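Data from input_17.pdb: PDB, C-alpha atoms
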MODEL        1
ATOM      1  CA  MET A   1     -14.372   2.000  15.134
ATOM      2  CA  PHE A   2     -12.074   1.381  12.208
ATOM      3  CA  PHE A   3      -9.559  -1.433  12.378
ATOM      4  CA  PHE A   4      -6.819  -1.015   9.774
ATOM      5  CA  ARG A   5      -5.444  -4.144   8.154
ATOM      6  CA  LEU A   6      -1.806  -4.382   7.271
ATOM      7  CA  ARG A   7      -2.751  -6.333   4.133
ATOM      8  CA  ILE A   8      -5.831  -6.021   1.968
ATOM      9  CA  LEU A   9      -6.990  -9.602   1.583
ATOM     10  CA  SER A  10     -10.386 -11.227   1.692
ATOM     11  CA  PHE A  11     -11.529 -10.399   5.246
ATOM     12  CA  ASP A  12      -8.101 -11.126   6.698
ATOM     13  CA  ILE A  13      -8.420  -9.547  10.122
ATOM     14  CA  HIS A  14      -5.293 -10.660  12.036
ATOM     15  CA  PRO A  15      -3.261  -8.769  13.004
ATOM     16  CA  ARG A  16      -5.058  -5.432  13.040
ATOM     17  CA  VAL A  17      -4.197  -1.935  14.120
ATOM     18  CA  VAL A  18      -6.429   0.817  15.370
ATOM     19  CA  TRP A  19      -4.792   4.166  14.797
ATOM     20  CA  GLY A  20      -2.980   4.622  18.087
ATOM     21  CA  PHE A  21      -3.735   1.129  19.417
ATOM     22  CA  SER A  22      -2.739  -2.354  18.319
ATOM     23  CA  TYR A  23      -4.708  -5.575  18.602
ATOM     24  CA  GLY A  24      -3.237  -8.948  17.799
ATOM     25  CA  ASN A  25      -4.636 -12.456  17.545
ATOM     26  CA  HIS A  26      -6.507 -13.318  20.764
ATOM     27  CA  SER A  27      -7.324 -16.949  19.936
ATOM     28  CA  GLY A  28      -6.810 -19.356  22.799
ATOM     29  CA  LEU A  29      -7.433 -16.735  25.480
ATOM     30  CA  ASP A  30     -10.337 -16.888  27.886
ATOM     31  CA  SER A  31     -12.941 -14.115  27.882
ATOM     32  CA  GLN A  32     -11.339 -12.071  30.644
ATOM     33  CA  GLU A  33      -7.905 -12.243  29.032
ATOM     34  CA  LYS A  34      -9.364 -11.306  25.638
ATOM     35  CA  THR A  35     -11.162  -8.284  27.058
ATOM     36  CA  SER A  36      -7.993  -6.989  28.690
ATOM     37  CA  GLY A  37      -6.449  -6.496  25.243
ATOM     38  CA  TYR A  38      -8.874  -3.686  24.368
ATOM     39  CA  ASP A  39      -9.568  -0.202  25.636
ATOM     40  CA  ASN A  40     -12.718  -0.081  27.757
ATOM     41  CA  TRP A  41     -14.976   2.032  25.575
ATOM     42  CA  ALA A  42     -18.436   2.547  27.088
ATOM     43  CA  ILE A  43     -21.561   4.548  26.256
ATOM     44  CA  GLY A  44     -23.079   7.446  28.152
ATOM     45  CA  ILE A  45     -25.908   9.949  27.840
ATOM     46  CA  TYR A  46     -25.270  13.686  27.925
ATOM     47  CA  LYS A  47     -27.890  16.427  27.879
ATOM     48  CA  SER A  48     -28.245  20.084  26.968
ATOM     49  CA  SER A  49     -30.895  22.691  27.764
ATOM     50  CA  SER A  50     -29.747  24.870  24.863
ATOM     51  CA  SER A  51     -31.670  25.278  21.617
ATOM     52  CA  GLU A  52     -28.411  24.519  19.784
ATOM     53  CA  PRO A  53     -26.710  21.092  19.730
ATOM     54  CA  PHE A  54     -23.400  22.203  21.202
ATOM     55  CA  ASP A  55     -23.506  22.647  24.979
ATOM     56  CA  PHE A  56     -23.649  19.047  26.236
ATOM     57  CA  SER A  57     -22.758  17.870  29.720
ATOM     58  CA  GLY A  58     -22.766  14.692  31.772
ATOM     59  CA  VAL A  59     -23.123  16.552  35.074
ATOM     60  CA  ASN A  60     -25.671  14.911  37.393
ATOM     61  CA  MET A  61     -25.988  11.989  34.993
ATOM     62  CA  SER A  62     -25.464   8.352  35.940
ATOM     63  CA  ASN A  63     -22.914   7.277  33.336
ATOM     64  CA  PRO A  64     -22.005   5.075  31.647
ATOM     65  CA  VAL A  65     -25.435   3.743  30.713
ATOM     66  CA  LEU A  66     -24.055   0.780  28.719
ATOM     67  CA  THR A  67     -20.840  -1.202  28.997
ATOM     68  CA  ALA A  68     -19.543  -4.500  27.671
ATOM     69  CA  PHE A  69     -20.930  -6.173  30.797
ATOM     70  CA  ASP A  70     -24.488  -5.322  29.691
ATOM     71  CA  VAL A  71     -24.137  -7.394  26.515
ATOM     72  CA  THR A  72     -25.734 -10.796  27.161
ATOM     73  CA  ASP A  73     -25.718 -12.704  23.868
ATOM     74  CA  ILE A  74     -22.023 -12.569  22.875
ATOM     75  CA  PRO A  75     -18.740 -12.082  24.784
ATOM     76  CA  ALA A  76     -17.994  -8.373  24.439
ATOM     77  CA  ALA A  77     -14.816  -6.361  24.904
ATOM     78  CA  PHE A  78     -16.387  -2.910  24.584
ATOM     79  CA  VAL A  79     -19.329  -0.910  23.213
ATOM     80  CA  ALA A  80     -18.955   2.296  21.180
ATOM     81  CA  ASP A  81     -20.248   4.444  18.283
ATOM     82  CA  PRO A  82     -23.820   4.879  19.601
ATOM     83  CA  PHE A  83     -26.514   6.290  17.275
ATOM     84  CA  LEU A  84     -29.713   7.511  18.901
ATOM     85  CA  THR A  85     -33.179   7.378  17.299
ATOM     86  CA  TYR A  86     -36.594   8.293  18.734
ATOM     87  CA  GLU A  87     -39.701   6.597  17.363
ATOM     88  CA  ASN A  88     -43.204   6.082  18.822
ATOM     89  CA  ASN A  89     -42.203   7.347  22.284
ATOM     90  CA  ILE A  90     -39.252   4.947  22.543
ATOM     91  CA  TYR A  91     -35.549   5.725  22.293
ATOM     92  CA  TYR A  92     -33.479   3.245  20.275
ATOM     93  CA  MET A  93     -29.720   3.063  20.420
ATOM     94  CA  PHE A  94     -27.621   1.216  17.835
ATOM     95  CA  PHE A  95     -23.926   0.731  18.534
ATOM     96  CA  GLU A  96     -20.817  -1.316  17.908
ATOM     97  CA  VAL A  97     -20.163  -4.339  20.094
ATOM     98  CA  MET A  98     -16.657  -5.756  19.866
ATOM     99  CA  ASN A  99     -17.126  -9.534  19.776
ATOM    100  CA  THR A 100     -14.149 -11.273  21.407
ATOM    101  CA  ASN A 101     -15.046 -14.628  19.851
ATOM    102  CA  THR A 102     -14.640 -13.315  16.310
ATOM    103  CA  ASP A 103     -12.378 -10.338  17.058
ATOM    104  CA  GLN A 104     -14.650  -8.079  15.015
ATOM    105  CA  GLY A 105     -17.504  -5.639  15.573
ATOM    106  CA  ASP A 106     -21.211  -6.481  15.478
ATOM    107  CA  ILE A 107     -24.154  -4.070  15.787
ATOM    108  CA  GLY A 108     -26.117  -4.110  19.026
ATOM    109  CA  LEU A 109     -29.427  -2.588  20.145
ATOM    110  CA  ALA A 110     -30.637  -1.053  23.405
ATOM    111  CA  ILE A 111     -33.955   0.649  24.157
ATOM    112  CA  SER A 112     -35.208   3.212  26.666
ATOM    113  CA  ASN A 113     -38.503   4.829  27.593
ATOM    114  CA  ASP A 114     -36.926   8.030  28.905
ATOM    115  CA  GLY A 115     -33.515   8.264  27.205
ATOM    116  CA  PHE A 116     -31.638   7.846  30.473
ATOM    117  CA  ASN A 117     -32.288   4.272  31.625
ATOM    118  CA  TRP A 118     -31.318   1.687  29.038
ATOM    119  CA  THR A 119     -31.936  -2.027  28.494
ATOM    120  CA  TYR A 120     -29.694  -4.043  26.228
ATOM    121  CA  LYS A 121     -31.675  -6.190  23.787
ATOM    122  CA  GLN A 122     -29.485  -8.128  21.359
ATOM    123  CA  ILE A 123     -27.122  -8.148  18.405
ATOM    124  CA  ILE A 124     -29.200  -7.080  15.395
ATOM    125  CA  LEU A 125     -26.577  -7.243  12.648
ATOM    126  CA  ASP A 126     -23.626  -9.602  12.230
ATOM    127  CA  GLU A 127     -21.568 -10.068   9.068
ATOM    128  CA  GLU A 128     -18.446 -12.027   8.154
ATOM    129  CA  PHE A 129     -16.537  -8.722   8.296
ATOM    130  CA  HIS A 130     -16.118  -5.979  10.865
ATOM    131  CA  LEU A 131     -19.107  -3.705  11.543
ATOM    132  CA  SER A 132     -19.208  -0.445  13.497
ATOM    133  CA  TYR A 133     -20.583   3.128  13.386
ATOM    134  CA  PRO A 134     -24.233   2.187  12.602
ATOM    135  CA  CYS A 135     -25.582   5.417  11.104
ATOM    136  CA  VAL A 136     -29.352   4.801  11.339
ATOM    137  CA  PHE A 137     -31.898   7.119   9.706
ATOM    138  CA  LYS A 138     -35.537   7.202   8.620
ATOM    139  CA  TRP A 139     -36.664   7.942   5.085
ATOM    140  CA  ALA A 140     -40.141   7.602   3.520
ATOM    141  CA  ASN A 141     -41.404   5.711   6.597
ATOM    142  CA  ASP A 142     -38.620   3.127   6.388
ATOM    143  CA  PHE A 143     -35.502   2.794   8.519
ATOM    144  CA  TYR A 144     -32.063   2.421   6.969
ATOM    145  CA  MET A 145     -28.577   1.934   8.297
ATOM    146  CA  ILE A 146     -25.140   2.627   6.866
ATOM    147  CA  PRO A 147     -22.645   0.898   9.161
ATOM    148  CA  GLU A 148     -18.921   1.082   8.651
ATOM    149  CA  THR A 149     -18.014  -1.923   6.470
ATOM    150  CA  TYR A 150     -14.484  -1.012   5.443
ATOM    151  CA  GLN A 151     -13.378  -4.657   5.208
ATOM    152  CA  ALA A 152     -15.955  -5.121   2.440
ATOM    153  CA  GLU A 153     -14.315  -2.174   0.621
ATOM    154  CA  SER A 154     -17.691  -0.507   0.204
ATOM    155  CA  VAL A 155     -20.378   1.715   1.709
ATOM    156  CA  ARG A 156     -23.350  -0.605   2.202
ATOM    157  CA  LEU A 157     -26.981   0.423   2.712
ATOM    158  CA  TYR A 158     -29.119  -1.782   4.982
ATOM    159  CA  LYS A 159     -32.888  -1.658   5.438
ATOM    160  CA  SER A 160     -34.976  -2.844   8.369
ATOM    161  CA  ASN A 161     -37.904  -5.075   7.464
ATOM    162  CA  ASN A 162     -39.315  -4.944  11.010
ATOM    163  CA  PHE A 163     -37.819  -2.009  12.900
ATOM    164  CA  PRO A 164     -35.629  -2.205  14.926
ATOM    165  CA  TYR A 165     -34.840  -5.772  13.765
ATOM    166  CA  ASN A 166     -34.359  -7.730  10.520
ATOM    167  CA  TRP A 167     -31.705  -5.713   8.704
ATOM    168  CA  THR A 168     -30.670  -6.698   5.183
ATOM    169  CA  CYS A 169     -28.205  -5.152   2.766
ATOM    170  CA  VAL A 170     -30.065  -3.651  -0.186
ATOM    171  CA  LYS A 171     -27.275  -1.881  -2.078
ATOM    172  CA  SER A 172     -23.626  -0.820  -2.114
ATOM    173  CA  LEU A 173     -23.561   2.948  -2.528
ATOM    174  CA  LEU A 174     -19.805   3.255  -3.014
ATOM    175  CA  GLU A 175     -17.229   0.562  -3.615
ATOM    176  CA  GLY A 176     -13.741   0.032  -4.947
ATOM    177  CA  GLU A 177     -10.949  -2.477  -4.574
ATOM    178  CA  GLY A 178      -8.414  -1.236  -2.065
ATOM    179  CA  GLU A 179     -10.679   1.650  -1.000
ATOM    180  CA  PHE A 180     -11.291   2.496   2.636
ATOM    181  CA  PHE A 181     -14.640   4.009   3.628
ATOM    182  CA  VAL A 182     -14.616   4.779   7.345
ATOM    183  CA  ASP A 183     -17.293   6.230   9.679
ATOM    184  CA  ASN A 184     -19.725   6.904   6.840
ATOM    185  CA  THR A 185     -22.176   9.681   7.761
ATOM    186  CA  ILE A 186     -25.212  10.402   5.588
ATOM    187  CA  PHE A 187     -27.796  13.206   5.688
ATOM    188  CA  HIS A 188     -30.504  14.717   3.475
ATOM    189  CA  TYR A 189     -30.665  18.444   2.798
ATOM    190  CA  ASN A 190     -32.171  20.605   0.057
ATOM    191  CA  ASN A 191     -33.507  17.611  -1.898
ATOM    192  CA  THR A 192     -30.063  16.051  -2.058
ATOM    193  CA  TRP A 193     -28.321  13.237  -0.209
ATOM    194  CA  TRP A 194     -24.840  13.953   1.188
ATOM    195  CA  LEU A 195     -22.249  11.540   2.550
ATOM    196  CA  PHE A 196     -19.038  12.079   4.506
ATOM    197  CA  THR A 197     -16.501   9.263   4.655
ATOM    198  CA  GLU A 198     -12.933   9.106   5.930
ATOM    199  CA  ALA A 199     -10.295   7.462   3.760
ATOM    200  CA  GLY A 200      -8.679   5.313   6.461
ATOM    201  CA  SER A 201      -5.765   7.568   7.391
ATOM    202  CA  ASN A 202      -7.668   9.698   9.957
ATOM    203  CA  ASP A 203      -6.688  12.897   8.112
ATOM    204  CA  LEU A 204      -8.621  12.782   4.799
ATOM    205  CA  LEU A 205     -12.359  13.569   4.718
ATOM    206  CA  ARG A 206     -14.097  12.766   1.433
ATOM    207  CA  PHE A 207     -17.547  14.041   0.466
ATOM    208  CA  TYR A 208     -20.179  12.670  -1.953
ATOM    209  CA  TYR A 209     -23.686  13.594  -3.082
ATOM    210  CA  SER A 210     -26.633  12.036  -4.920
ATOM    211  CA  ASP A 211     -30.135  13.014  -6.009
ATOM    212  CA  LYS A 212     -31.398   9.609  -4.861
ATOM    213  CA  LEU A 213     -30.520   7.478  -1.867
ATOM    214  CA  SER A 214     -29.814   4.544  -4.164
ATOM    215  CA  GLY A 215     -27.428   6.645  -6.260
ATOM    216  CA  PRO A 216     -25.549   7.177  -8.424
ATOM    217  CA  TRP A 217     -23.203   8.895  -5.978
ATOM    218  CA  LEU A 218     -20.696  11.503  -7.176
ATOM    219  CA  GLU A 219     -17.669  12.888  -5.377
ATOM    220  CA  HIS A 220     -18.086  16.566  -4.574
ATOM    221  CA  PRO A 221     -15.740  18.933  -6.474
ATOM    222  CA  LYS A 222     -14.501  20.294  -3.121
ATOM    223  CA  SER A 223     -13.652  16.789  -1.875
ATOM    224  CA  PRO A 224     -11.552  16.065   0.072
ATOM    225  CA  ILE A 225     -13.088  18.577   2.456
ATOM    226  CA  ILE A 226     -10.169  18.073   4.855
ATOM    227  CA  ASN A 227      -6.746  16.835   3.777
ATOM    228  CA  GLY A 228      -3.845  16.298   6.154
ATOM    229  CA  ASP A 229      -5.461  17.252   9.474
ATOM    230  CA  ALA A 230      -6.213  14.377  11.863
ATOM    231  CA  ASN A 231      -7.701  16.790  14.411
ATOM    232  CA  ILE A 232     -10.835  17.503  12.353
ATOM    233  CA  SER A 233     -11.187  14.926   9.537
ATOM    234  CA  ARG A 234     -12.803  11.747  10.795
ATOM    235  CA  PRO A 235     -16.591  11.842  11.363
ATOM    236  CA  GLY A 236     -17.666  11.692  14.995
ATOM    237  CA  GLY A 237     -21.418  11.136  14.878
ATOM    238  CA  ARG A 238     -24.690  12.031  13.209
ATOM    239  CA  VAL A 239     -24.967  15.242  11.144
ATOM    240  CA  ILE A 240     -27.646  17.467  12.706
ATOM    241  CA  ILE A 241     -29.965  19.834  10.834
ATOM    242  CA  PHE A 242     -31.884  22.238  13.074
ATOM    243  CA  ASP A 243     -33.653  25.603  12.769
ATOM    244  CA  THR A 244     -34.608  24.505   9.232
ATOM    245  CA  ASP A 245     -31.273  25.130   7.538
ATOM    246  CA  ARG A 246     -28.453  25.028  10.092
ATOM    247  CA  ILE A 247     -26.215  22.011   9.526
ATOM    248  CA  VAL A 248     -23.654  20.668  11.996
ATOM    249  CA  ARG A 249     -21.086  17.950  11.476
ATOM    250  CA  TYR A 250     -19.159  16.441  14.379
ATOM    251  CA  THR A 251     -15.589  15.281  14.028
ATOM    252  CA  GLN A 252     -13.383  13.203  16.282
ATOM    253  CA  ASP A 253      -9.908  14.438  17.121
ATOM    254  CA  ASP A 254      -7.303  11.752  16.385
ATOM    255  CA  ASP A 255      -4.114  13.704  17.064
ATOM    256  CA  PRO A 256      -2.000  13.229  19.163
ATOM    257  CA  TYR A 257      -3.889   9.956  19.705
ATOM    258  CA  TYR A 258      -7.022   8.234  18.442
ATOM    259  CA  GLY A 259     -10.385   9.428  19.744
ATOM    260  CA  ASN A 260      -9.344  11.970  22.335
ATOM    261  CA  GLN A 261     -12.144  14.573  21.908
ATOM    262  CA  VAL A 262     -14.913  15.825  19.566
ATOM    263  CA  TRP A 263     -15.288  19.132  17.694
ATOM    264  CA  ALA A 264     -18.341  20.652  15.993
ATOM    265  CA  PHE A 265     -18.371  22.412  12.618
ATOM    266  CA  GLU A 266     -21.301  24.349  11.185
ATOM    267  CA  ILE A 267     -21.702  24.017   7.427
ATOM    268  CA  THR A 268     -22.504  27.485   6.083
ATOM    269  CA  THR A 269     -22.497  26.824   2.325
ATOM    270  CA  LEU A 270     -23.640  23.560   0.761
ATOM    271  CA  THR A 271     -24.383  23.072  -2.920
ATOM    272  CA  LYS A 272     -23.290  20.546  -5.526
ATOM    273  CA  THR A 273     -20.367  22.832  -6.389
ATOM    274  CA  SER A 274     -19.604  24.687  -3.148
ATOM    275  CA  TYR A 275     -18.826  23.815   0.466
ATOM    276  CA  GLU A 276     -17.881  26.036   3.416
ATOM    277  CA  GLU A 277     -17.820  25.405   7.157
ATOM    278  CA  HIS A 278     -16.515  26.966  10.340
ATOM    279  CA  ARG A 279     -15.525  25.561  13.700
ATOM    280  CA  VAL A 280     -18.030  26.094  16.508
ATOM    281  CA  GLY A 281     -16.234  27.669  19.455
ATOM    282  CA  ARG A 282     -12.628  27.431  20.545
ATOM    283  CA  THR A 283     -13.001  24.334  22.675
ATOM    284  CA  PRO A 284     -14.196  20.804  21.846
ATOM    285  CA  ILE A 285     -17.844  20.019  22.520
ATOM    286  CA  LEU A 286     -16.840  16.686  24.076
ATOM    287  CA  LYS A 287     -13.819  16.058  26.247
ATOM    288  CA  GLY A 288     -13.828  13.447  28.974
ATOM    289  CA  PHE A 289     -13.670  14.611  32.565
ATOM    290  CA  ASP A 290     -15.621  11.857  34.322
ATOM    291  CA  ASN A 291     -14.088   8.683  35.732
ATOM    292  CA  TRP A 292     -15.417   6.594  32.816
ATOM    293  CA  ASN A 293     -14.124   8.761  29.942
ATOM    294  CA  THR A 294     -11.008  10.590  31.110
ATOM    295  CA  ARG A 295      -8.797   9.201  28.333
ATOM    296  CA  GLY A 296     -11.018  10.181  25.439
ATOM    297  CA  MET A 297     -14.371  10.585  23.680
ATOM    298  CA  HIS A 298     -14.943  10.271  19.932
ATOM    299  CA  HIS A 299     -18.668  10.149  19.126
ATOM    300  CA  ILE A 300     -21.923  12.027  19.666
ATOM    301  CA  SER A 301     -25.467  11.440  18.394
ATOM    302  CA  PRO A 302     -27.856  14.211  19.531
ATOM    303  CA  CYS A 303     -31.620  13.876  19.619
ATOM    304  CA  GLN A 304     -33.878  16.894  20.166
ATOM    305  CA  VAL A 305     -36.439  16.617  22.945
ATOM    306  CA  SER A 306     -39.462  18.741  23.775
ATOM    307  CA  GLY A 307     -38.762  22.147  25.267
ATOM    308  CA  ASN A 308     -35.821  23.039  22.997
ATOM    309  CA  GLY A 309     -33.438  20.705  24.782
ATOM    310  CA  TRP A 310     -31.286  17.796  23.592
ATOM    311  CA  ILE A 311     -29.995  14.500  24.805
ATOM    312  CA  ALA A 312     -27.093  12.754  23.115
ATOM    313  CA  SER A 313     -25.512   9.331  23.169
ATOM    314  CA  VAL A 314     -21.746   9.582  23.535
ATOM    315  CA  ASP A 315     -18.872   7.196  24.096
ATOM    316  CA  GLY A 316     -15.621   7.320  26.016
ATOM    317  CA  TYR A 317     -12.950   5.321  27.785
TER     318      TYR A 317
ENDMDL
END

Mind converting the file's structure to structure tokens?
Amino acid sequence: MFFFRLRILSFDIHPRVVWGFSYGNHSGLDSQEKTSGYDNWAIGIYKSSSSEPFDFSGVNMSNPVLTAFDVTDIPAAFVADPFLTYENNIYYMFFEVMNTNTDQGDIGLAISNDGFNWTYKQIILDEEFHLSYPCVFKWANDFYMIPETYQAESVRLYKSNNFPYNWTCVKSLLEGEGEFFVDNTIFHYNNTWWLFTEAGSNDLLRFYYSDKLSGPWLEHPKSPIINGDANISRPGGRVIIFDTDRIVRYTQDDDPYYGNQVWAFEITTLTKTSYEEHRVGRTPILKGFDNWNTRGMHHISPCQVSGNGWIASVDGY
């Protein structure tokens, strides 16, 4: 989750505003009082029996699977932005944990043998600035992460030296004084790396590409892909490529308020000079109806399972 600063100073984080919600300085408050100042984002698991990553439901699921109360190593206000990865018959989930001691996000880890029952492990990445949206991916037998690091005014690439632990920053892919890079979402397609990032206003989606993961990264000639529409600009989870060449991006809806639902768009044309997409369906693919997410949902990370089905980590409040 992106926390907008009223001033751009060196990691000055008080006061801060989330688009639609405001958080002030909580110093001097006990843990329970601190937690009450935040919305109670939690993480759930949805599933789909479809061959396409669109028709997800939480029906007959025991949700949420993770809340702030599951975090054992720091005082937590909420958990959100879950990214799901499957490796060696184990499901790994990386997500934001809002640390009430520091009033900033850290990256947490949970694991599962079946994708439905989860055990919180620990905080695996903590910086002097806010972290969220840990976009984890595998490339050339190594695991990488691009978390949101907007307070560092850059898009930073981390690498795990002992998956799923020991993450270190290896390079800044994009950077610029006064720049906001929010909910950075990377994917590889047609021998090219592609990166969506939101500019901090919730209504401007920028797009970059590179021949190599390490760069150099160039802004796409069609960027910004979306300009002036907070319903469909800000990334809302992992980009999915399925059936060889079908590409889906998910976007959170931030109008009339932050994080109220999630839409899917299928990218139909993608080259270094062209970009086209269309909305999938007339209704959002995520909209909270359960008692834990009735106010909103703003993230999905699908993972294909055997038998043409999917499970997905989602969040809501």

Might you pull out every residue within 10 Å of A:Ser51, with only C-alpha atoms counted and same-chain residues fewer than 3 positions away left off, and present them as an MDAnalysis selection string? chainID A and resid 48 54:55 242:243 304:305 307:310

Selection file, C-alpha atoms, as a PDB file, in the frame of the given file:
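Output (selection.pdb):
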ATOM      1  CA  SER A  48     -28.245  20.084  26.968  1.00  0.00           C
ATOM      2  CA  PHE A  54     -23.400  22.203  21.202  1.00  0.00           C
ATOM      3  CA  ASP A  55     -23.506  22.647  24.979  1.00  0.00           C
ATOM      4  CA  PHE A 242     -31.884  22.238  13.074  1.00  0.00           C
ATOM      5  CA  ASP A 243     -33.653  25.603  12.769  1.00  0.00           C
ATOM      6  CA  GLN A 304     -33.878  16.894  20.166  1.00  0.00           C
ATOM      7  CA  VAL A 305     -36.439  16.617  22.945  1.00  0.00           C
ATOM      8  CA  GLY A 307     -38.762  22.147  25.267  1.00  0.00           C
ATOM      9  CA  ASN A 308     -35.821  23.039  22.997  1.00  0.00           C
ATOM     10  CA  GLY A 309     -33.438  20.705  24.782  1.00  0.00           C
ATOM     11  CA  TRP A 310     -31.286  17.796  23.592  1.00  0.00           C
TER      12      TRP A 310
END

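Atom to atom, atom CA of A:Asp255 and atom CA of A:Tyr275 stand 24.4 Å apart.
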
I'd like the contact shell of A:Trp194 - 8 Å cut-off, only C-alpha atoms, skipping same-chain residues fewer than 6 positions apart - returned as number ranges by chain. A: 186-188, 207-210

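Distances here use all atoms listed in the file; by that measure, the residue among A:Gly316, A:Val248, A:Val97, A:Asp290 closest to A:Ala68 is A:Val97.
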
Let me know the residues the PyMOL selection byres ((chain A and resi 238) around 6) catches in the file above, as a PyMOL selection string. chain A and resi 237+239+301

Since I can't run it myself right now, could you work out what the PyMOL selection byres ((chain A and resi 72) around 10) selects here and report it as a ChimeraX atom specification? /A:68-71,73-76,120-123

Evaluate the PyMOL selection byres ((chain A and resi 266) around 7) against this structure - the residues, as a ChimeraX atom specification, please. /A:247-249,264-265,267-268,277-280

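Ranking A:Ser223, A:Ser233, A:Asn63, A:Ser57 by their shortest atom-to-atom distance to A:Gly200, with only C-alpha atoms included, puts A:Ser233 first.
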
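Among the candidate residues A:Trp41, A:Trp263, A:Phe83, A:Phe163, the one lying nearest to A:Cys303 is A:Phe83, with distances computed using only C-alpha atoms.
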
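Considering only C-alpha atoms, the residue among A:Met145, A:Asn227, A:Ser313, A:Asp183 positioned nearest to A:Val170 is A:Met145.
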